[in-house]
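Asks: Provided herewith: final.cif, mmCIF, C-alpha atoms.
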data_model
#
loop_
_atom_site.label_atom_id
_atom_site.label_comp_id
_atom_site.auth_asym_id
_atom_site.auth_seq_id
_atom_site.Cartn_x
_atom_site.Cartn_y
_atom_site.Cartn_z
CA MET A 253 14.45 -45.52 -1.55
CA THR A 254 11.65 -42.99 -2.03
CA PRO A 255 11.56 -40.38 0.77
CA ASN A 256 8.39 -40.16 2.83
CA HIS A 257 6.72 -36.83 2.07
CA SER A 258 3.30 -37.68 3.49
CA PRO A 259 1.79 -35.30 6.05
CA ARG A 260 2.82 -36.09 9.62
CA LEU A 261 1.56 -34.93 13.01
CA GLU A 262 3.40 -35.34 16.30
CA GLN A 263 2.44 -34.21 19.78
CA ASP A 264 5.02 -32.31 21.79
CA ALA A 265 6.65 -34.41 24.49
CA HIS A 266 6.43 -31.64 27.09
CA ASP A 267 3.15 -29.98 26.04
CA PRO A 268 0.48 -32.46 24.86
CA GLY A 269 -1.61 -29.57 23.51
CA LEU A 270 1.13 -28.50 21.08
CA ILE A 271 1.37 -30.36 17.76
CA HIS A 272 4.23 -30.40 15.23
CA LEU A 273 3.41 -30.74 11.53
CA SER A 274 5.88 -31.91 8.90
CA GLY A 275 6.02 -33.39 5.40
CA HIS A 276 4.13 -32.13 2.35
CA TRP A 277 0.79 -30.37 2.95
CA THR A 278 -0.49 -29.82 -0.57
CA LEU A 279 -3.54 -30.56 -2.69
CA LYS A 280 -2.09 -33.96 -3.65
CA THR A 281 -1.81 -35.00 0.01
CA ALA A 282 -5.09 -33.41 1.16
CA LEU A 283 -6.80 -36.76 1.90
CA ALA A 284 -3.82 -38.01 3.89
CA ALA A 285 -3.65 -34.69 5.75
CA ALA A 286 -7.34 -34.98 6.69
CA GLU A 287 -6.65 -38.43 8.16
CA VAL A 288 -3.67 -37.10 10.10
CA LEU A 289 -5.64 -34.18 11.53
CA ARG A 290 -8.09 -36.57 13.16
CA ASP A 291 -5.41 -37.16 15.80
CA VAL A 292 -5.47 -33.52 16.92
CA PRO A 293 -5.83 -33.39 20.74
CA GLU A 294 -9.06 -31.99 22.14
CA LYS A 295 -7.30 -29.24 24.11
CA LEU A 296 -5.13 -27.81 21.34
CA THR A 297 -2.82 -25.00 22.52
CA GLY A 298 -0.56 -24.43 19.53
CA ILE A 299 0.49 -25.55 16.05
CA ASP A 300 4.12 -25.64 14.94
CA ALA A 301 4.22 -25.89 11.15
CA THR A 302 7.81 -24.76 10.65
CA ALA A 303 8.90 -28.29 9.66
CA ILE A 304 6.50 -28.45 6.70
CA GLU A 305 8.56 -28.85 3.53
CA GLN A 306 5.94 -28.02 0.88
CA LEU A 307 2.79 -26.02 1.48
CA ASP A 308 0.06 -24.74 -0.81
CA SER A 309 -3.33 -23.10 -0.30
CA ALA A 310 -5.09 -26.42 0.33
CA GLY A 311 -2.67 -27.31 3.13
CA VAL A 312 -2.92 -23.85 4.67
CA LEU A 313 -6.71 -24.06 4.63
CA GLN A 314 -6.68 -27.42 6.45
CA VAL A 315 -4.33 -26.14 9.15
CA LEU A 316 -6.28 -22.90 9.61
CA ARG A 317 -9.59 -24.75 9.97
CA VAL A 318 -8.12 -26.78 12.83
CA ALA A 319 -6.75 -23.60 14.42
CA HIS A 320 -10.10 -21.81 14.08
CA ARG A 321 -12.02 -24.72 15.65
CA ALA A 322 -9.64 -24.59 18.62
CA ASP A 323 -9.95 -20.77 18.69
CA LEU A 324 -6.18 -20.31 18.48
CA GLY A 325 -4.75 -16.82 18.08
CA GLU A 326 -1.96 -15.72 15.76
CA HIS A 327 0.63 -16.21 18.51
CA ALA A 328 -0.16 -19.95 18.63
CA LEU A 329 0.44 -20.54 14.90
CA HIS A 330 4.01 -20.82 13.63
CA PHE A 331 4.95 -21.15 9.95
CA ARG A 332 8.20 -20.78 8.06
CA PRO A 333 8.96 -17.19 6.92
CA ASP A 334 8.71 -18.17 3.24
CA HIS A 335 5.23 -19.61 3.88
CA GLN A 336 3.98 -16.60 5.86
CA ALA A 337 2.77 -14.52 2.90
CA LEU A 338 0.66 -17.44 1.61
CA VAL A 339 -0.77 -18.04 5.09
CA CYS A 340 -1.74 -14.36 5.48
CA THR A 341 -3.45 -14.35 2.08
CA ILE A 342 -5.48 -17.49 2.81
CA GLU A 343 -6.31 -16.39 6.35
CA GLU A 344 -7.95 -13.18 5.12
CA VAL A 345 -10.59 -15.14 3.20
CA ALA A 346 -10.77 -18.32 5.29
CA ASP A 347 -11.50 -16.86 8.71
CA ASP A 348 -15.30 -16.80 8.93
CA ARG A 349 -15.41 -16.49 12.71
CA PRO A 350 -17.34 -13.48 14.02
CA LYS A 351 -15.08 -10.62 15.01
CA PRO A 352 -14.87 -10.17 18.78
CA LYS A 353 -16.53 -7.05 20.09
CA ARG A 354 -14.19 -4.37 21.33
CA ASP A 355 -13.98 -4.12 25.09
CA PHE A 356 -14.26 -0.55 26.39
CA GLY A 357 -13.33 -1.33 30.00
CA VAL A 358 -10.49 0.26 31.93
CA LEU A 359 -8.28 -2.82 31.68
CA ALA A 360 -8.86 -3.04 27.93
CA ALA A 361 -7.96 0.64 27.56
CA LEU A 362 -4.76 0.11 29.56
CA GLU A 363 -3.97 -2.93 27.45
CA ARG A 364 -4.39 -0.95 24.22
CA LEU A 365 -2.23 1.83 25.69
CA GLY A 366 0.49 -0.67 26.53
CA VAL A 367 0.36 -2.18 23.06
CA SER A 368 0.58 1.30 21.51
CA VAL A 369 3.59 2.24 23.64
CA HIS A 370 5.31 -1.05 22.81
CA THR A 371 4.58 -0.61 19.09
CA THR A 372 5.85 2.97 19.16
CA GLY A 373 9.07 1.90 20.85
CA HIS A 374 9.54 -0.87 18.31
CA ASN A 375 8.95 1.56 15.41
CA ILE A 376 11.47 4.05 16.81
CA LYS A 377 14.05 1.29 17.20
CA ALA A 378 13.43 0.08 13.64
CA LEU A 379 13.67 3.66 12.31
CA CYS A 380 17.02 4.24 14.06
CA SER A 381 18.33 0.93 12.74
CA PHE A 382 17.18 1.82 9.21
CA LEU A 383 18.85 5.24 9.52
CA GLY A 384 22.13 3.61 10.52
CA GLU A 385 21.94 1.17 7.62
CA ASN A 386 21.38 4.00 5.15
CA LEU A 387 24.23 6.06 6.60
CA VAL A 388 26.57 3.10 6.13
CA LYS A 389 25.38 2.57 2.55
CA ALA A 390 25.68 6.31 1.81
CA ALA A 391 29.24 6.39 3.18
CA ARG A 392 30.06 3.44 0.93
CA LEU A 393 29.21 5.58 -2.10
CA PHE A 394 32.36 7.64 -1.54
CA LYS A 395 34.44 4.47 -1.74
CA GLU A 396 32.44 2.92 -4.59
CA PRO A 397 30.95 5.79 -6.67
CA ARG A 398 29.69 3.33 -9.29
CA ARG A 399 26.90 2.39 -6.86
CA PHE A 400 25.45 5.91 -7.06
CA ARG A 401 22.27 5.93 -9.19
CA LEU A 402 22.37 9.39 -10.78
CA THR A 403 19.47 8.83 -13.18
CA ALA A 404 17.16 7.50 -10.46
CA THR A 405 18.13 10.37 -8.14
CA VAL A 406 17.40 13.05 -10.76
CA HIS A 407 14.09 11.35 -11.60
CA GLN A 408 13.09 11.40 -7.93
CA MET A 409 14.12 15.06 -7.65
CA GLU A 410 11.70 15.87 -10.46
CA GLN A 411 8.83 13.94 -8.86
CA VAL A 412 9.51 15.04 -5.29
CA GLY A 413 10.59 18.63 -5.87
CA LEU A 414 9.68 20.09 -9.24
CA ASP A 415 6.18 18.62 -9.38
CA ALA A 416 5.43 19.87 -5.85
CA VAL A 417 6.39 23.52 -6.49
CA PRO A 418 2.90 24.75 -7.57
CA LEU A 419 1.14 23.14 -4.60
CA VAL A 420 3.68 24.32 -2.02
CA ALA A 421 3.78 27.85 -3.45
CA LEU A 422 -0.02 28.18 -3.59
CA LEU A 423 -0.59 26.91 -0.05
CA SER A 424 2.20 29.09 1.35
CA TYR A 425 0.87 32.16 -0.45
CA LEU A 426 -2.64 31.62 0.92
CA VAL A 427 -1.45 30.90 4.48
CA GLY A 428 0.78 33.99 4.39
CA ALA A 429 -2.20 36.08 3.29
CA VAL A 430 -4.39 34.61 6.05
CA ILE A 431 -1.77 35.29 8.75
CA ALA A 432 -1.38 38.89 7.54
CA PHE A 433 -5.14 39.43 7.45
CA LEU A 434 -5.71 38.01 10.95
CA GLY A 435 -2.77 39.96 12.32
CA SER A 436 -4.04 43.19 10.80
CA THR A 437 -7.50 42.62 12.29
CA ILE A 438 -6.03 42.53 15.79
CA LEU A 439 -3.29 45.16 15.36
CA ARG A 440 -5.65 47.67 13.73
CA ASP A 441 -7.31 48.30 17.12
CA PHE A 442 -3.93 49.51 18.44
CA GLY A 443 -2.96 51.46 15.34
CA ALA A 444 -0.02 49.10 14.77
CA GLU A 445 -0.85 47.62 11.38
CA ILE A 446 2.73 48.11 10.22
CA TYR A 447 3.85 45.34 12.60
CA VAL A 448 2.06 42.84 10.37
CA VAL A 449 5.30 42.84 8.38
CA GLU A 450 7.29 41.48 11.34
CA LEU A 451 4.53 38.99 12.16
CA VAL A 452 4.52 37.45 8.69
CA ASN A 453 8.31 37.54 8.42
CA ILE A 454 9.03 35.72 11.67
CA ALA A 455 6.11 33.29 11.34
CA PHE A 456 7.05 32.17 7.85
CA LEU A 457 10.82 32.29 8.00
CA ARG A 458 11.04 30.33 11.25
CA GLU A 459 8.03 28.00 11.29
CA PHE A 460 5.29 28.00 8.69
CA ALA A 461 7.35 27.67 5.51
CA VAL A 462 9.30 24.58 6.53
CA LEU A 463 6.36 23.06 8.41
CA LEU A 464 3.89 23.49 5.54
CA THR A 465 6.40 22.09 3.07
CA ALA A 466 7.15 19.08 5.27
CA ILE A 467 3.46 18.32 5.86
CA VAL A 468 2.69 18.56 2.13
CA LEU A 469 5.56 16.22 1.29
CA ALA A 470 4.59 13.89 4.12
CA GLY A 471 1.17 13.41 2.57
CA ARG A 472 2.33 13.53 -1.04
CA THR A 473 5.78 11.95 -1.06
CA ALA A 474 5.93 9.60 1.92
CA SER A 475 2.73 7.89 0.78
CA ALA A 476 4.09 7.61 -2.77
CA PHE A 477 7.34 6.06 -1.52
CA THR A 478 5.45 3.52 0.58
CA ALA A 479 3.04 2.60 -2.21
CA GLN A 480 5.78 2.27 -4.83
CA ILE A 481 8.15 0.16 -2.73
CA GLY A 482 5.25 -1.76 -1.18
CA ALA A 483 3.89 -2.73 -4.59
CA MET A 484 7.35 -3.95 -5.59
CA LYS A 485 7.56 -5.93 -2.36
CA ALA A 486 4.14 -7.48 -2.99
CA ARG A 487 5.17 -8.52 -6.51
CA GLU A 488 8.44 -9.96 -5.13
CA GLU A 489 10.50 -7.58 -7.26
CA ILE A 490 12.70 -6.72 -4.27
CA ASP A 491 13.40 -10.42 -3.70
CA ALA A 492 14.36 -10.65 -7.37
CA MET A 493 16.80 -7.76 -6.90
CA ARG A 494 18.50 -9.55 -4.03
CA THR A 495 18.65 -12.74 -6.10
CA LEU A 496 20.47 -10.80 -8.84
CA GLY A 497 22.94 -9.46 -6.27
CA LEU A 498 21.49 -5.92 -6.27
CA ASP A 499 21.02 -3.97 -3.05
CA PRO A 500 17.46 -2.53 -2.69
CA ILE A 501 18.83 0.22 -0.44
CA ASP A 502 21.15 1.44 -3.21
CA LEU A 503 18.49 1.17 -5.90
CA LEU A 504 15.32 2.31 -4.13
CA VAL A 505 16.02 4.08 -0.84
CA LEU A 506 19.16 6.19 -1.28
CA PRO A 507 17.97 7.95 -4.49
CA ARG A 508 14.75 8.93 -2.73
CA LEU A 509 16.56 10.14 0.40
CA LEU A 510 19.08 12.18 -1.59
CA ALA A 511 16.30 13.69 -3.70
CA LEU A 512 14.44 14.79 -0.57
CA LEU A 513 17.59 16.16 1.07
CA VAL A 514 18.21 18.36 -1.97
CA THR A 515 14.67 19.44 -2.84
CA LEU A 516 13.03 20.02 0.55
CA PRO A 517 15.31 22.97 1.49
CA LEU A 518 14.67 24.46 -1.97
CA LEU A 519 10.92 24.00 -1.58
CA THR A 520 11.17 25.59 1.87
CA PHE A 521 12.85 28.66 0.36
CA ILE A 522 10.09 28.86 -2.28
CA ALA A 523 7.48 28.58 0.49
CA MET A 524 9.15 31.45 2.36
CA ALA A 525 9.02 33.67 -0.72
CA ALA A 526 5.40 32.73 -1.45
CA GLY A 527 4.31 33.37 2.14
CA LEU A 528 5.97 36.78 2.17
CA ALA A 529 4.27 37.54 -1.16
CA GLY A 530 0.93 36.71 0.46
CA GLY A 531 1.69 39.21 3.22
CA ILE A 532 2.62 41.87 0.66
CA THR A 533 -0.67 41.29 -1.17
CA VAL A 534 -2.77 41.75 1.99
CA GLY A 535 -0.70 44.77 2.96
CA ALA A 536 -1.38 46.41 -0.39
CA PHE A 537 -5.12 45.69 -0.64
CA ASP A 538 -6.27 45.66 3.00
CA LEU A 539 -3.80 47.78 4.97
CA ASP A 540 -3.02 50.43 2.35
CA ILE A 541 0.68 49.67 2.68
CA PRO A 542 2.31 50.05 -0.75
CA PRO A 543 4.52 47.14 -1.80
CA GLN A 544 7.57 49.43 -1.83
CA MET A 545 6.97 50.47 1.79
CA TYR A 546 6.22 46.86 2.83
CA ILE A 547 9.46 45.61 1.25
CA ALA A 548 11.45 48.48 2.79
CA ARG A 549 10.02 47.67 6.23
CA MET A 550 10.75 44.00 5.64
CA HIS A 551 14.34 44.84 4.71
CA GLU A 552 14.77 46.90 7.90
CA THR A 553 13.36 44.32 10.31
CA MET A 554 14.21 40.98 8.71
CA GLU A 555 17.05 39.03 10.33
CA VAL A 556 18.94 36.33 8.47
CA ARG A 557 18.96 34.10 11.55
CA HIS A 558 15.21 33.56 11.26
CA MET A 559 15.61 32.18 7.74
CA LEU A 560 18.57 30.02 8.81
CA VAL A 561 16.53 28.55 11.66
CA GLY A 562 13.80 27.54 9.22
CA LEU A 563 16.18 26.14 6.62
CA SER A 564 18.15 24.19 9.24
CA LYS A 565 15.08 22.07 9.99
CA ALA A 566 14.49 21.13 6.35
CA PRO A 567 17.17 18.36 6.07
CA VAL A 568 15.93 16.77 9.31
CA PHE A 569 12.36 16.70 8.03
CA ALA A 570 13.60 15.32 4.70
CA LEU A 571 15.30 12.42 6.48
CA VAL A 572 12.18 11.69 8.54
CA ILE A 573 9.88 11.72 5.49
CA GLY A 574 12.19 9.60 3.35
CA LEU A 575 13.11 7.06 6.00
CA ILE A 576 9.57 6.42 7.22
CA GLY A 577 8.13 6.30 3.69
CA CYS A 578 10.71 3.77 2.48
CA LEU A 579 10.74 1.72 5.69
CA GLU A 580 6.97 1.28 5.70
CA GLY A 581 7.14 0.20 2.06
CA LEU A 582 9.70 -2.47 2.91
CA LYS A 583 7.39 -3.74 5.69
CA VAL A 584 4.60 -4.64 3.24
CA GLU A 585 3.70 -8.31 3.63
CA GLY A 586 2.51 -9.14 0.12
CA THR A 587 -1.18 -8.18 -0.04
CA ALA A 588 -3.02 -5.13 -1.37
CA GLN A 589 -4.50 -4.55 2.08
CA SER A 590 -1.02 -4.45 3.57
CA VAL A 591 0.04 -1.82 1.03
CA GLY A 592 -2.91 0.38 2.02
CA GLU A 593 -2.29 -0.07 5.74
CA ARG A 594 1.41 0.73 5.45
CA THR A 595 0.71 3.78 3.27
CA THR A 596 -1.70 5.16 5.87
CA SER A 597 0.77 4.37 8.64
CA SER A 598 3.61 6.17 6.86
CA VAL A 599 1.57 9.37 6.43
CA VAL A 600 0.38 9.37 10.05
CA GLN A 601 3.84 8.64 11.45
CA THR A 602 5.56 11.20 9.24
CA ILE A 603 3.20 14.09 9.98
CA SER A 604 3.19 13.32 13.71
CA LEU A 605 6.98 13.08 13.94
CA VAL A 606 7.50 16.23 11.87
CA ILE A 607 5.23 18.26 14.17
CA ILE A 608 6.85 16.82 17.32
CA ILE A 609 10.38 17.56 16.08
CA ASP A 610 9.34 21.08 15.05
CA ALA A 611 7.86 21.75 18.49
CA PHE A 612 11.02 20.64 20.30
CA ALA A 613 13.21 22.54 17.82
CA ALA A 614 11.21 25.74 18.39
CA LEU A 615 11.63 25.42 22.16
CA TRP A 616 15.35 24.72 21.81
CA PHE A 617 15.98 27.67 19.48
CA MET A 618 14.04 29.97 21.81
CA HIS A 619 16.05 28.71 24.79
CA MET A 620 19.28 29.37 22.87
CA ASP A 621 17.98 32.87 22.01
CA TRP A 622 18.23 32.19 18.28
#
Would you give me this structure, written as structure tokens?
Replies:
Amino acid sequence: MTPNHSPRLEQDAHDPGLIHLSGHWTLKTALAAAEVLRDVPEKLTGIDATAIEQLDSAGVLQVLRVAHRADLGEHALHFRPDHQALVCTIEEVADDRPKPKRDFGVLAALERLGVSVHTTGHNIKALCSFLGENLVKAARLFKEPRRFRLTATVHQMEQVGLDAVPLVALLSYLVGAVIAFLGSTILRDFGAEIYVVELVNIAFLREFAVLLTAIVLAGRTASAFTAQIGAMKAREEIDAMRTLGLDPIDLLVLPRLLALLVTLPLLTFIAMAAGLAGGITVGAFDLDIPPQMYIARMHETMEVRHMLVGLSKAPVFALVIGLIGCLEGLKVEGTAQSVGERTTSSVVQTISLVIIIDAFAALWFMHMDW
């Protein structure tokens, strides 16, 4: 007996405005689907399409037209997860309804604030969960070393670390020179130009070196991670990995995290040296402090704890940059627009979180008298 795959529509027994769709909704059954959709109730409140067995662009378009006529929102449309990417793609080009104007009232502002807080909480929860998953997978490497991807890790170290050295060094050198010049402008009125050495030392060893490096990598590396993994997600390469029994975390995420954990402290050290070199340059040309005297003063006043404070923040920032960049890439939904949105989101989240963590770390180290 041939199974019945024709499109079917049933009203919910408890909610007459909710309809359940099943069967095959494809180009071959488009005429039958059009006949079925004539039975849609006037006051439509929701569409449950999770029971649809086969769905193509023609079927999606028919369902979306009914939803648009009833002015249903996204929350009232339910499709199977494996159909969701197709639905999102068709919806981008099929929705010709005028976009609602943004409400600038107090209630609308409070609503947007609530949505932002809820989204932030959800993102923090997802980030913590992703961190735990990566820690478990990293611990498994000690038990199963064959899972470690040495070639991929070294390749990422080159892209993340070696290629970023000129940019990080140049920016740090210029910022160090600017700090020394501004400090000398103020201290010259008090005849205390020599204290520019301490100003540049403390500023760069504790804060500016690691913060500049993290911000540069947040814009350069986190966005690259998101775009690379997101493009693979859009092309269903990650699904193919899982089909072959390969773990995307082992192949894509852990090499990037390990590369950042190794290279960001090294880049921070390079940024410290470049920033101090900028201070030496300004001291020699603007303050008439010979490099030998500047270095001798630096040797007398520099404390190792300041450098350790700066370097201790580098692994934390590396984790933040790597986790957010990879997580946002894995959230891509299959379209080019989604890749762009997630890339922007990863950069914004990474820079914001790096600055927030640095602020709290500075307060904590000051409170501990470090």
Asks: As a check of understanding, name the residues that the PyMOL selection byres ((chain A and resi 569-575) around 10) selects in the supplied structure, as a PyMOL selection string.
Replies: chain A and resi 379-380+382-383+386+462-463+465-467+469-471+473-475+477-478+505-517+564-568+576-581+598-599+601-603+605-607+609-610
Asks: To one decimal place, how far is CA of Val288 in chain A from CA of Leu324 in chain A in Å?
Replies: 18.9 Å
Asks: Tell me which of A:Trp622, A:Ala526, A:His272, A:Ile438 sits closest to Leu451 in chain A, counting all atoms listed in the file.
Replies: A:Ile438
Asks: Can you pull out the residues contacting Glu326 in chain A? Cut-off 12 Å, using all atoms listed in the file, and skip same-chain residues under 3 positions away; I want them as number ranges by chain.
Replies: A: 297-300, 316, 319-320, 323, 329-331, 336, 339-340, 343, 347
Asks: Need the shell around Ser258 in chain A: protein/DNA/RNA residues with any atom at most 10 Å away, counting only C-alpha atoms. Skip same-chain ones fewer than 2 positions apart. Format as JSON, numbers by chain?
Replies: {"A": [255, 256, 260, 274, 275, 276, 277, 278, 280, 281, 282, 284, 285, 288]}
Asks: Output the residue selection produced by the PyMOL selection byres ((chain A and resi 530) around 12) on the file above, formatted as a PyMOL selection string.
Replies: chain A and resi 421-433+448-449+452-453+456+523-529+531-538+543+546
Asks: Next, write the just-selected residues to a file, as an mmCIF file, in the frame of the given file, keeping C-alpha atoms as the atom set.
Replies:
data_model
loop_
_atom_site.group_PDB
_atom_site.id
_atom_site.type_symbol
_atom_site.label_atom_id
_atom_site.label_comp_id
_atom_site.auth_asym_id
_atom_site.auth_seq_id
_atom_site.Cartn_x
_atom_site.Cartn_y
_atom_site.Cartn_z
ATOM 1 C CA ALA A 421 3.780 27.850 -3.450
ATOM 2 C CA LEU A 422 -0.020 28.180 -3.590
ATOM 3 C CA LEU A 423 -0.590 26.910 -0.050
ATOM 4 C CA SER A 424 2.200 29.090 1.350
ATOM 5 C CA TYR A 425 0.870 32.160 -0.450
ATOM 6 C CA LEU A 426 -2.640 31.620 0.920
ATOM 7 C CA VAL A 427 -1.450 30.900 4.480
ATOM 8 C CA GLY A 428 0.780 33.990 4.390
ATOM 9 C CA ALA A 429 -2.200 36.080 3.290
ATOM 10 C CA VAL A 430 -4.390 34.610 6.050
ATOM 11 C CA ILE A 431 -1.770 35.290 8.750
ATOM 12 C CA ALA A 432 -1.380 38.890 7.540
ATOM 13 C CA PHE A 433 -5.140 39.430 7.450
ATOM 14 C CA VAL A 448 2.060 42.840 10.370
ATOM 15 C CA VAL A 449 5.300 42.840 8.380
ATOM 16 C CA VAL A 452 4.520 37.450 8.690
ATOM 17 C CA ASN A 453 8.310 37.540 8.420
ATOM 18 C CA PHE A 456 7.050 32.170 7.850
ATOM 19 C CA ALA A 523 7.480 28.580 0.490
ATOM 20 C CA MET A 524 9.150 31.450 2.360
ATOM 21 C CA ALA A 525 9.020 33.670 -0.720
ATOM 22 C CA ALA A 526 5.400 32.730 -1.450
ATOM 23 C CA GLY A 527 4.310 33.370 2.140
ATOM 24 C CA LEU A 528 5.970 36.780 2.170
ATOM 25 C CA ALA A 529 4.270 37.540 -1.160
ATOM 26 C CA GLY A 531 1.690 39.210 3.220
ATOM 27 C CA ILE A 532 2.620 41.870 0.660
ATOM 28 C CA THR A 533 -0.670 41.290 -1.170
ATOM 29 C CA VAL A 534 -2.770 41.750 1.990
ATOM 30 C CA GLY A 535 -0.700 44.770 2.960
ATOM 31 C CA ALA A 536 -1.380 46.410 -0.390
ATOM 32 C CA PHE A 537 -5.120 45.690 -0.640
ATOM 33 C CA ASP A 538 -6.270 45.660 3.000
ATOM 34 C CA PRO A 543 4.520 47.140 -1.800
ATOM 35 C CA TYR A 546 6.220 46.860 2.830
#
Asks: Any idea what the distance is between CA of Arg557 in chain A and CA of Gly443 in chain A?
Replies: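 Interatomic distance, CA of Arg557 in chain A to CA of Gly443 in chain A: 28.2 Å.
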Asks: Quick one: pull the distance between CA of His374 in chain A and CA of Leu498 in chain A, Å, one decimal.
Replies: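 Going from CA of His374 in chain A over to CA of Leu498 in chain A, I get 27.8 Å.
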Asks: Pick the closest to Glu445 in chain A from A:His558, A:Leu539, A:Ala361, A:His257: which is it, counting all atoms listed in the file?
Replies: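 The answer is A:Leu539, which sits nearest to Glu445 in chain A.
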Asks: Could you list as number ranges by chain every residue that has an atom within 6 Å of (5.9, -7.7, -1.2), using the file's coordinates and counting only C-alpha atoms?
Replies: A: 482, 484-488, 584-586
Asks: Residues as selected, C-alpha atoms, written as a short mmCIF file (atom, residue, chain, number, x, y, z; two decimals), in the coordinates of the input, can you do that?
Replies:
data_model
loop_
_atom_site.label_atom_id
_atom_site.label_comp_id
_atom_site.auth_asym_id
_atom_site.auth_seq_id
_atom_site.Cartn_x
_atom_site.Cartn_y
_atom_site.Cartn_z
CA GLY A 482 5.25 -1.76 -1.18
CA MET A 484 7.35 -3.95 -5.59
CA LYS A 485 7.56 -5.93 -2.36
CA ALA A 486 4.14 -7.48 -2.99
CA ARG A 487 5.17 -8.52 -6.51
CA GLU A 488 8.44 -9.96 -5.13
CA VAL A 584 4.60 -4.64 3.24
CA GLU A 585 3.70 -8.31 3.63
CA GLY A 586 2.51 -9.14 0.12
#
Asks: Pick the closest to Ala404 in chain A from A:Ser436, A:Phe617, A:Leu563, A:Leu504: which is it, counting all atoms listed in the file?
Replies: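 Using all atoms listed in the file, Ala404 in chain A sits closest to A:Leu504.
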Asks: For each of A:Ala483, A:Leu362, A:Ile454, A:Leu261, take the minimum atom-to-atom distance to Arg290 in chain A, counting only C-alpha atoms, then give the residue where this is smallest.
Replies: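 Among the listed residues, the smallest separation from Arg290 in chain A belongs to A:Leu261.
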Asks: Using all atoms listed in the file, which of A:Ala286, A:Leu279, A:Met618, A:Val292 sits nearest Leu307 in chain A?
Replies: A:Leu279
Asks: Add whatever atoms are absent from range 260-274 of chain A to reach N, CA and C atoms, and provide the output as a PDB file, in the frame of the given file.
Replies:
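Below you can see rebuild-v4.pdb, which holds the result:
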ATOM      1  N   ARG A 260       2.598 -35.442   8.321  1.00  0.00           N
ATOM      2  CA  ARG A 260       2.820 -36.090   9.620  1.00  0.00           C
ATOM      3  C   ARG A 260       2.438 -35.128  10.734  1.00  0.00           C
ATOM      4  N   LEU A 261       1.962 -35.698  11.832  1.00  0.00           N
ATOM      5  CA  LEU A 261       1.560 -34.930  13.010  1.00  0.00           C
ATOM      6  C   LEU A 261       2.147 -35.600  14.242  1.00  0.00           C
ATOM      7  N   GLU A 262       2.823 -34.819  15.067  1.00  0.00           N
ATOM      8  CA  GLU A 262       3.400 -35.340  16.300  1.00  0.00           C
ATOM      9  C   GLU A 262       3.050 -34.402  17.450  1.00  0.00           C
ATOM     10  N   GLN A 263       2.703 -35.002  18.592  1.00  0.00           N
ATOM     11  CA  GLN A 263       2.440 -34.210  19.780  1.00  0.00           C
ATOM     12  C   GLN A 263       3.751 -33.902  20.489  1.00  0.00           C
ATOM     13  N   ASP A 264       3.819 -32.706  21.065  1.00  0.00           N
ATOM     14  CA  ASP A 264       5.020 -32.310  21.790  1.00  0.00           C
ATOM     15  C   ASP A 264       5.171 -33.155  23.047  1.00  0.00           C
ATOM     16  N   ALA A 265       6.402 -33.544  23.339  1.00  0.00           N
ATOM     17  CA  ALA A 265       6.650 -34.410  24.490  1.00  0.00           C
ATOM     18  C   ALA A 265       6.385 -33.696  25.808  1.00  0.00           C
ATOM     19  N   HIS A 266       6.591 -32.382  25.839  1.00  0.00           N
ATOM     20  CA  HIS A 266       6.430 -31.640  27.090  1.00  0.00           C
ATOM     21  C   HIS A 266       5.067 -30.956  27.187  1.00  0.00           C
ATOM     22  N   ASP A 267       4.465 -30.637  26.056  1.00  0.00           N
ATOM     23  CA  ASP A 267       3.150 -29.980  26.040  1.00  0.00           C
ATOM     24  C   ASP A 267       2.225 -30.773  25.132  1.00  0.00           C
ATOM     25  N   PRO A 268       1.360 -31.613  25.688  1.00  0.00           N
ATOM     26  CA  PRO A 268       0.480 -32.460  24.860  1.00  0.00           C
ATOM     27  C   PRO A 268      -0.457 -31.661  23.966  1.00  0.00           C
ATOM     28  N   GLY A 269      -0.722 -30.391  24.322  1.00  0.00           N
ATOM     29  CA  GLY A 269      -1.610 -29.570  23.510  1.00  0.00           C
ATOM     30  C   GLY A 269      -0.940 -28.953  22.299  1.00  0.00           C
ATOM     31  N   LEU A 270       0.383 -29.060  22.208  1.00  0.00           N
ATOM     32  CA  LEU A 270       1.130 -28.500  21.080  1.00  0.00           C
ATOM     33  C   LEU A 270       1.437 -29.600  20.076  1.00  0.00           C
ATOM     34  N   ILE A 271       1.116 -29.362  18.797  1.00  0.00           N
ATOM     35  CA  ILE A 271       1.370 -30.360  17.760  1.00  0.00           C
ATOM     36  C   ILE A 271       2.403 -29.825  16.774  1.00  0.00           C
ATOM     37  N   HIS A 272       3.210 -30.736  16.225  1.00  0.00           N
ATOM     38  CA  HIS A 272       4.230 -30.400  15.230  1.00  0.00           C
ATOM     39  C   HIS A 272       3.844 -31.044  13.905  1.00  0.00           C
ATOM     40  N   LEU A 273       3.766 -30.248  12.855  1.00  0.00           N
ATOM     41  CA  LEU A 273       3.410 -30.740  11.530  1.00  0.00           C
ATOM     42  C   LEU A 273       4.652 -30.767  10.646  1.00  0.00           C
ATOM     43  N   SER A 274       4.740 -31.787   9.803  1.00  0.00           N
ATOM     44  CA  SER A 274       5.880 -31.910   8.900  1.00  0.00           C
ATOM     45  C   SER A 274       5.431 -32.632   7.630  1.00  0.00           C
TER      46      SER A 274
END
